[in-house]
$ cat input_13.pdb   # PDB, C-alpha atoms
ATOM      1  CA  MET A 170       4.251  -5.017  30.429  1.00  0.00           C
ATOM      2  CA  ALA A 171       3.491  -8.549  29.213  1.00  0.00           C
ATOM      3  CA  GLU A 172       1.122  -7.236  26.518  1.00  0.00           C
ATOM      4  CA  GLN A 173       3.754  -4.869  25.145  1.00  0.00           C
ATOM      5  CA  GLU A 174       6.236  -7.741  24.783  1.00  0.00           C
ATOM      6  CA  LYS A 175       3.718  -9.728  22.762  1.00  0.00           C
ATOM      7  CA  GLN A 176       3.203  -6.867  20.298  1.00  0.00           C
ATOM      8  CA  SER A 177       5.345  -6.834  17.210  1.00  0.00           C
ATOM      9  CA  LEU A 178       8.276  -4.428  17.312  1.00  0.00           C
ATOM     10  CA  LYS A 179       8.446  -4.325  13.524  1.00  0.00           C
ATOM     11  CA  ASN A 180       7.771  -1.137  11.621  1.00  0.00           C
ATOM     12  CA  GLU A 181       4.261  -0.837  10.133  1.00  0.00           C
ATOM     13  CA  LYS A 182       2.892   1.493   7.489  1.00  0.00           C
ATOM     14  CA  VAL A 183      -0.570   2.098   6.029  1.00  0.00           C
ATOM     15  CA  GLY A 184      -0.919   3.099   2.399  1.00  0.00           C
ATOM     16  CA  GLN A 185      -2.753   2.677  -0.879  1.00  0.00           C
ATOM     17  CA  VAL A 186      -1.939   0.026  -3.481  1.00  0.00           C
ATOM     18  CA  VAL A 187      -0.920   1.707  -6.743  1.00  0.00           C
ATOM     19  CA  SER A 188       0.249  -1.337  -8.731  1.00  0.00           C
ATOM     20  CA  THR A 189      -0.343  -5.099  -8.769  1.00  0.00           C
ATOM     21  CA  LYS A 190       1.257  -5.871 -12.128  1.00  0.00           C
ATOM     22  CA  MET A 191       3.986  -8.138 -10.727  1.00  0.00           C
ATOM     23  CA  GLN A 192       3.527 -11.658  -9.436  1.00  0.00           C
ATOM     24  CA  LYS A 193       3.296 -11.778  -5.613  1.00  0.00           C
ATOM     25  CA  THR A 194       4.406  -8.122  -5.380  1.00  0.00           C
ATOM     26  CA  ILE A 195       2.411  -4.964  -4.796  1.00  0.00           C
ATOM     27  CA  VAL A 196       3.504  -1.333  -4.808  1.00  0.00           C
ATOM     28  CA  VAL A 197       2.120   0.643  -1.858  1.00  0.00           C
ATOM     29  CA  GLU A 198       2.199   4.438  -1.746  1.00  0.00           C
ATOM     30  CA  VAL A 199       2.373   5.874   1.775  1.00  0.00           C
ATOM     31  CA  SER A 200       1.460   9.543   2.222  1.00  0.00           C
ATOM     32  CA  ARG A 201       2.293  11.707   5.214  1.00  0.00           C
ATOM     33  CA  ARG A 202       1.740  15.349   6.116  1.00  0.00           C
ATOM     34  CA  VAL A 203       4.784  17.209   7.428  1.00  0.00           C
ATOM     35  CA  PRO A 204       5.620  20.875   7.982  1.00  0.00           C
ATOM     36  CA  HIS A 205       8.059  22.430   5.542  1.00  0.00           C
ATOM     37  CA  PRO A 206      11.414  22.919   7.331  1.00  0.00           C
ATOM     38  CA  LEU A 207      11.710  26.615   6.471  1.00  0.00           C
ATOM     39  CA  TYR A 208       8.195  27.875   5.728  1.00  0.00           C
ATOM     40  CA  LYS A 209       6.294  25.683   8.249  1.00  0.00           C
ATOM     41  CA  ARG A 210       3.478  25.109   5.759  1.00  0.00           C
ATOM     42  CA  ILE A 211       1.967  21.604   5.849  1.00  0.00           C
ATOM     43  CA  ILE A 212       2.929  19.638   2.732  1.00  0.00           C
ATOM     44  CA  ASN A 213       2.180  16.107   1.571  1.00  0.00           C
ATOM     45  CA  LYS A 214       5.070  13.703   1.074  1.00  0.00           C
ATOM     46  CA  ARG A 215       4.713  10.338  -0.667  1.00  0.00           C
ATOM     47  CA  LYS A 216       6.915   7.277  -0.854  1.00  0.00           C
ATOM     48  CA  LYS A 217       6.453   3.956  -2.624  1.00  0.00           C
ATOM     49  CA  PHE A 218       7.227   0.623  -0.970  1.00  0.00           C
ATOM     50  CA  TYR A 219       7.410  -2.781  -2.638  1.00  0.00           C
ATOM     51  CA  ALA A 220       5.612  -5.414  -0.564  1.00  0.00           C
ATOM     52  CA  HIS A 221       5.253  -9.193  -0.820  1.00  0.00           C
ATOM     53  CA  ASP A 222       1.674 -10.419  -1.393  1.00  0.00           C
ATOM     54  CA  GLU A 223       1.813 -14.228  -1.336  1.00  0.00           C
ATOM     55  CA  GLU A 224      -1.875 -14.933  -2.091  1.00  0.00           C
ATOM     56  CA  GLY A 225      -2.414 -11.974  -4.410  1.00  0.00           C
ATOM     57  CA  THR A 226      -5.316 -10.647  -2.333  1.00  0.00           C
ATOM     58  CA  ALA A 227      -4.637  -6.910  -2.749  1.00  0.00           C
ATOM     59  CA  ARG A 228      -6.014  -4.973  -5.709  1.00  0.00           C
ATOM     60  CA  THR A 229      -5.222  -1.516  -7.041  1.00  0.00           C
ATOM     61  CA  GLY A 230      -6.818   1.184  -4.884  1.00  0.00           C
ATOM     62  CA  ASP A 231      -7.036  -0.908  -1.693  1.00  0.00           C
ATOM     63  CA  VAL A 232      -5.826   0.564   1.590  1.00  0.00           C
ATOM     64  CA  VAL A 233      -3.419  -1.933   3.166  1.00  0.00           C
ATOM     65  CA  ARG A 234      -1.117  -2.362   6.170  1.00  0.00           C
ATOM     66  CA  ILE A 235       2.444  -3.514   5.441  1.00  0.00           C
ATOM     67  CA  VAL A 236       4.986  -4.837   7.958  1.00  0.00           C
ATOM     68  CA  GLU A 237       8.761  -4.690   7.756  1.00  0.00           C
ATOM     69  CA  CYS A 238      10.593  -7.984   7.132  1.00  0.00           C
ATOM     70  CA  ARG A 239      13.932  -9.324   5.999  1.00  0.00           C
ATOM     71  CA  PRO A 240      15.037  -8.430   2.454  1.00  0.00           C
ATOM     72  CA  LEU A 241      13.143 -10.645  -0.008  1.00  0.00           C
ATOM     73  CA  SER A 242      14.630  -9.209  -3.193  1.00  0.00           C
ATOM     74  CA  HIS A 243      16.497  -6.176  -4.491  1.00  0.00           C
ATOM     75  CA  LEU A 244      13.616  -3.835  -3.567  1.00  0.00           C
ATOM     76  CA  LYS A 245      11.185  -5.822  -1.372  1.00  0.00           C
ATOM     77  CA  ARG A 246      11.554  -5.361   2.392  1.00  0.00           C
ATOM     78  CA  TRP A 247       7.862  -5.408   3.383  1.00  0.00           C
ATOM     79  CA  ASN A 248       5.087  -8.006   3.756  1.00  0.00           C
ATOM     80  CA  LEU A 249       1.364  -7.443   3.305  1.00  0.00           C
ATOM     81  CA  ALA A 250      -0.217  -7.736   6.767  1.00  0.00           C
ATOM     82  CA  GLU A 251      -3.873  -7.042   5.966  1.00  0.00           C
ATOM     83  CA  VAL A 252      -6.245  -5.294   3.597  1.00  0.00           C
ATOM     84  CA  ILE A 253      -7.893  -2.538   5.635  1.00  0.00           C
ATOM     85  CA  ARG A 254     -10.358  -1.231   3.031  1.00  0.00           C
ATOM     86  CA  ARG A 255     -11.246  -2.543  -0.403  1.00  0.00           C
ATOM     87  CA  ALA A 256     -11.390  -0.211  -3.398  1.00  0.00           C
ATOM     88  CA  ALA A 257     -14.758   0.355  -5.027  1.00  0.00           C
ATOM     89  CA  GLN A 258     -14.985  -1.746  -8.187  1.00  0.00           C
ATOM     90  CA  VAL A 259     -16.635   0.189 -10.989  1.00  0.00           C
ATOM     91  CA  GLY A 260     -17.883  -2.000 -13.800  1.00  0.00           C
ATOM     92  CA  THR A 261     -18.699  -0.385 -17.157  1.00  0.00           C
ATOM     93  CA  GLN A 262     -20.122  -2.120 -20.150  1.00  0.00           C
ATOM     94  CA  PRO A 263     -18.967  -1.236 -23.691  1.00  0.00           C
ATOM     95  CA  ALA A 264     -22.570  -0.207 -24.477  1.00  0.00           C
ATOM     96  CA  ASP A 265     -22.411   2.459 -21.757  1.00  0.00           C
ATOM     97  CA  LEU A 266     -19.412   4.097 -23.391  1.00  0.00           C
ATOM     98  CA  ASP A 267     -19.637   5.968 -26.684  1.00  0.00           C
ATOM     99  CA  VAL A 268     -17.228   3.572 -28.393  1.00  0.00           C
ATOM    100  CA  LYS A 269     -17.896   1.825 -31.670  1.00  0.00           C
ATOM    101  CA  VAL A 270     -17.168  -1.871 -31.395  1.00  0.00           C
TER
END

$ encode --input "input_13.pdb" --output "structure tokens"
Amino acid sequence: MAEQEKQSLKNEKVGQVVSTKMQKTIVVEVSRRVPHPLYKRIINKRKKFYAHDEEGTARTGDVVRIVECRPLSHLKRWNLAEVIRRAAQVGTQPADLDVKV
């Protein structure tokens, strides 16, 4: 019982970062699979959450864990807890592309 009390009771979600264009804010898209209420077919549902990223560690494409917190702004109610998996960084040189410079 003591271990359960130590665990955080705050809501957690895991999703993919889709935008890092704001300062100290990331947009995380959380996907879930649910059965359709009438047809019972499994469908994907997505929702975007605005999360606070103080150090700016998350990048677009990363899989992150966000934790619920007090309202920080009009839309932000989540904090970045950790980066679970980094996105693969693909570097292309202008010479590799067929673009005239």

$ atom_distance --input "input_13.pdb" --atom1 "CA of Arg202 in chain A" --atom2 "CA of Gly184 in chain A"
13.1 Å

$ atom_distance --input "input_13.pdb" --atom1 "CA of Pro206 in chain A" --atom2 "CA of Lys182 in chain A"
23.1 Å

$ residues_around --input "input_13.pdb" --residues "Thr229 in chain A" --least-positions-apart "3" --cutoff "12 Å" --atoms "all atoms listed in the file" --output "MDAnalysis selection string"
chainID A and resid 184:191 194:198 225:226 232:233 252 254:258

$ atom_distance --input "input_13.pdb" --atom1 "CA of Glu181 in chain A" --atom2 "CA of Trp247 in chain A"
8.9 Å

$ resolve_selection --input "input_13.pdb" --expression "the PyMOL selection byres ((chain A and resi 237) around 7)" --output "JSON, numbers by chain"
{"A": [179, 180, 181, 235, 236, 238, 246, 247, 248]}

$ closest_residue --input "input_13.pdb" --among "A:Glu224, A:Arg234, A:Ser242, A:Ile212" --to "Val199 in chain A" --atoms "all atoms listed in the file"
A:Arg234

$ closest_residue --input "input_13.pdb" --among "A:Arg228, A:Lys216, A:Val203, A:Tyr208" --to "Ile253 in chain A" --atoms "only C-alpha atoms"
A:Arg228

$ build_atoms --input "input_13.pdb" --residues "range 193-228 of chain A" --atoms "N, CA and C atoms" --output "PDB file, in the coordinates of the input"
ATOM      1  N   LYS A 193       3.033 -11.749  -7.056  1.00  0.00           N
ATOM      2  CA  LYS A 193       3.296 -11.778  -5.613  1.00  0.00           C
ATOM      3  C   LYS A 193       3.933 -10.503  -5.084  1.00  0.00           C
ATOM      4  N   THR A 194       3.841  -9.402  -5.818  1.00  0.00           N
ATOM      5  CA  THR A 194       4.406  -8.122  -5.380  1.00  0.00           C
ATOM      6  C   THR A 194       3.400  -7.015  -5.626  1.00  0.00           C
ATOM      7  N   ILE A 195       3.248  -6.141  -4.630  1.00  0.00           N
ATOM      8  CA  ILE A 195       2.411  -4.964  -4.796  1.00  0.00           C
ATOM      9  C   ILE A 195       3.252  -3.722  -4.500  1.00  0.00           C
ATOM     10  N   VAL A 196       2.850  -2.606  -5.083  1.00  0.00           N
ATOM     11  CA  VAL A 196       3.504  -1.333  -4.808  1.00  0.00           C
ATOM     12  C   VAL A 196       2.527  -0.506  -3.984  1.00  0.00           C
ATOM     13  N   VAL A 197       2.966  -0.092  -2.791  1.00  0.00           N
ATOM     14  CA  VAL A 197       2.120   0.643  -1.858  1.00  0.00           C
ATOM     15  C   VAL A 197       2.668   2.058  -1.712  1.00  0.00           C
ATOM     16  N   GLU A 198       1.801   3.047  -1.902  1.00  0.00           N
ATOM     17  CA  GLU A 198       2.199   4.438  -1.746  1.00  0.00           C
ATOM     18  C   GLU A 198       1.718   4.934  -0.385  1.00  0.00           C
ATOM     19  N   VAL A 199       2.672   5.378   0.437  1.00  0.00           N
ATOM     20  CA  VAL A 199       2.373   5.874   1.775  1.00  0.00           C
ATOM     21  C   VAL A 199       2.519   7.395   1.756  1.00  0.00           C
ATOM     22  N   SER A 200       1.457   8.069   2.174  1.00  0.00           N
ATOM     23  CA  SER A 200       1.460   9.543   2.222  1.00  0.00           C
ATOM     24  C   SER A 200       1.538   9.993   3.673  1.00  0.00           C
ATOM     25  N   ARG A 201       2.242  11.113   3.878  1.00  0.00           N
ATOM     26  CA  ARG A 201       2.293  11.707   5.214  1.00  0.00           C
ATOM     27  C   ARG A 201       2.318  13.214   5.081  1.00  0.00           C
ATOM     28  N   ARG A 202       1.805  13.889   6.107  1.00  0.00           N
ATOM     29  CA  ARG A 202       1.740  15.349   6.116  1.00  0.00           C
ATOM     30  C   ARG A 202       2.781  15.862   7.092  1.00  0.00           C
ATOM     31  N   VAL A 203       3.704  16.683   6.601  1.00  0.00           N
ATOM     32  CA  VAL A 203       4.784  17.209   7.428  1.00  0.00           C
ATOM     33  C   VAL A 203       4.926  18.707   7.195  1.00  0.00           C
ATOM     34  N   PRO A 204       5.385  19.452   8.201  1.00  0.00           N
ATOM     35  CA  PRO A 204       5.620  20.875   7.982  1.00  0.00           C
ATOM     36  C   PRO A 204       6.910  21.100   7.194  1.00  0.00           C
ATOM     37  N   HIS A 205       6.876  22.072   6.301  1.00  0.00           N
ATOM     38  CA  HIS A 205       8.059  22.430   5.542  1.00  0.00           C
ATOM     39  C   HIS A 205       9.121  22.948   6.513  1.00  0.00           C
ATOM     40  N   PRO A 206      10.396  22.537   6.355  1.00  0.00           N
ATOM     41  CA  PRO A 206      11.414  22.919   7.331  1.00  0.00           C
ATOM     42  C   PRO A 206      11.620  24.425   7.480  1.00  0.00           C
ATOM     43  N   LEU A 207      11.473  25.175   6.399  1.00  0.00           N
ATOM     44  CA  LEU A 207      11.710  26.615   6.471  1.00  0.00           C
ATOM     45  C   LEU A 207      10.410  27.407   6.613  1.00  0.00           C
ATOM     46  N   TYR A 208       9.408  27.065   5.792  1.00  0.00           N
ATOM     47  CA  TYR A 208       8.195  27.875   5.728  1.00  0.00           C
ATOM     48  C   TYR A 208       7.090  27.399   6.655  1.00  0.00           C
ATOM     49  N   LYS A 209       7.241  26.242   7.271  1.00  0.00           N
ATOM     50  CA  LYS A 209       6.294  25.683   8.249  1.00  0.00           C
ATOM     51  C   LYS A 209       4.901  25.426   7.680  1.00  0.00           C
ATOM     52  N   ARG A 210       4.764  25.429   6.377  1.00  0.00           N
ATOM     53  CA  ARG A 210       3.478  25.109   5.759  1.00  0.00           C
ATOM     54  C   ARG A 210       3.370  23.589   5.675  1.00  0.00           C
ATOM     55  N   ILE A 211       2.172  23.050   5.904  1.00  0.00           N
ATOM     56  CA  ILE A 211       1.967  21.604   5.849  1.00  0.00           C
ATOM     57  C   ILE A 211       1.991  21.160   4.389  1.00  0.00           C
ATOM     58  N   ILE A 212       2.841  20.183   4.088  1.00  0.00           N
ATOM     59  CA  ILE A 212       2.929  19.638   2.732  1.00  0.00           C
ATOM     60  C   ILE A 212       2.762  18.132   2.789  1.00  0.00           C
ATOM     61  N   ASN A 213       2.342  17.554   1.669  1.00  0.00           N
ATOM     62  CA  ASN A 213       2.180  16.107   1.571  1.00  0.00           C
ATOM     63  C   ASN A 213       3.435  15.497   0.977  1.00  0.00           C
ATOM     64  N   LYS A 214       3.941  14.446   1.612  1.00  0.00           N
ATOM     65  CA  LYS A 214       5.070  13.703   1.074  1.00  0.00           C
ATOM     66  C   LYS A 214       4.610  12.274   0.816  1.00  0.00           C
ATOM     67  N   ARG A 215       5.103  11.703  -0.290  1.00  0.00           N
ATOM     68  CA  ARG A 215       4.713  10.338  -0.667  1.00  0.00           C
ATOM     69  C   ARG A 215       5.954   9.498  -0.881  1.00  0.00           C
ATOM     70  N   LYS A 216       5.832   8.215  -0.582  1.00  0.00           N
ATOM     71  CA  LYS A 216       6.915   7.277  -0.854  1.00  0.00           C
ATOM     72  C   LYS A 216       6.300   5.941  -1.231  1.00  0.00           C
ATOM     73  N   LYS A 217       6.947   5.259  -2.171  1.00  0.00           N
ATOM     74  CA  LYS A 217       6.453   3.956  -2.624  1.00  0.00           C
ATOM     75  C   LYS A 217       7.278   2.852  -1.992  1.00  0.00           C
ATOM     76  N   PHE A 218       6.588   1.789  -1.557  1.00  0.00           N
ATOM     77  CA  PHE A 218       7.227   0.623  -0.970  1.00  0.00           C
ATOM     78  C   PHE A 218       6.780  -0.609  -1.746  1.00  0.00           C
ATOM     79  N   TYR A 219       7.719  -1.508  -2.004  1.00  0.00           N
ATOM     80  CA  TYR A 219       7.410  -2.781  -2.638  1.00  0.00           C
ATOM     81  C   TYR A 219       7.154  -3.799  -1.536  1.00  0.00           C
ATOM     82  N   ALA A 220       5.999  -4.471  -1.613  1.00  0.00           N
ATOM     83  CA  ALA A 220       5.612  -5.414  -0.564  1.00  0.00           C
ATOM     84  C   ALA A 220       5.272  -6.767  -1.171  1.00  0.00           C
ATOM     85  N   HIS A 221       5.516  -7.826  -0.393  1.00  0.00           N
ATOM     86  CA  HIS A 221       5.253  -9.193  -0.820  1.00  0.00           C
ATOM     87  C   HIS A 221       3.805  -9.550  -0.516  1.00  0.00           C
ATOM     88  N   ASP A 222       3.074 -10.012  -1.522  1.00  0.00           N
ATOM     89  CA  ASP A 222       1.674 -10.419  -1.393  1.00  0.00           C
ATOM     90  C   ASP A 222       1.572 -11.861  -1.886  1.00  0.00           C
ATOM     91  N   GLU A 223       1.721 -12.802  -0.971  1.00  0.00           N
ATOM     92  CA  GLU A 223       1.813 -14.228  -1.336  1.00  0.00           C
ATOM     93  C   GLU A 223       0.561 -14.728  -2.046  1.00  0.00           C
ATOM     94  N   GLU A 224      -0.628 -14.415  -1.516  1.00  0.00           N
ATOM     95  CA  GLU A 224      -1.875 -14.933  -2.091  1.00  0.00           C
ATOM     96  C   GLU A 224      -2.423 -14.064  -3.212  1.00  0.00           C
ATOM     97  N   GLY A 225      -1.899 -12.879  -3.382  1.00  0.00           N
ATOM     98  CA  GLY A 225      -2.414 -11.974  -4.410  1.00  0.00           C
ATOM     99  C   GLY A 225      -3.770 -11.409  -4.061  1.00  0.00           C
ATOM    100  N   THR A 226      -4.007 -11.114  -2.775  1.00  0.00           N
ATOM    101  CA  THR A 226      -5.316 -10.647  -2.333  1.00  0.00           C
ATOM    102  C   THR A 226      -5.537  -9.162  -2.582  1.00  0.00           C
ATOM    103  N   ALA A 227      -4.482  -8.358  -2.605  1.00  0.00           N
ATOM    104  CA  ALA A 227      -4.637  -6.910  -2.749  1.00  0.00           C
ATOM    105  C   ALA A 227      -4.900  -6.536  -4.203  1.00  0.00           C
ATOM    106  N   ARG A 228      -5.727  -5.503  -4.382  1.00  0.00           N
ATOM    107  CA  ARG A 228      -6.014  -4.973  -5.709  1.00  0.00           C
ATOM    108  C   ARG A 228      -5.680  -3.487  -5.724  1.00  0.00           C
TER     109      ARG A 228
END
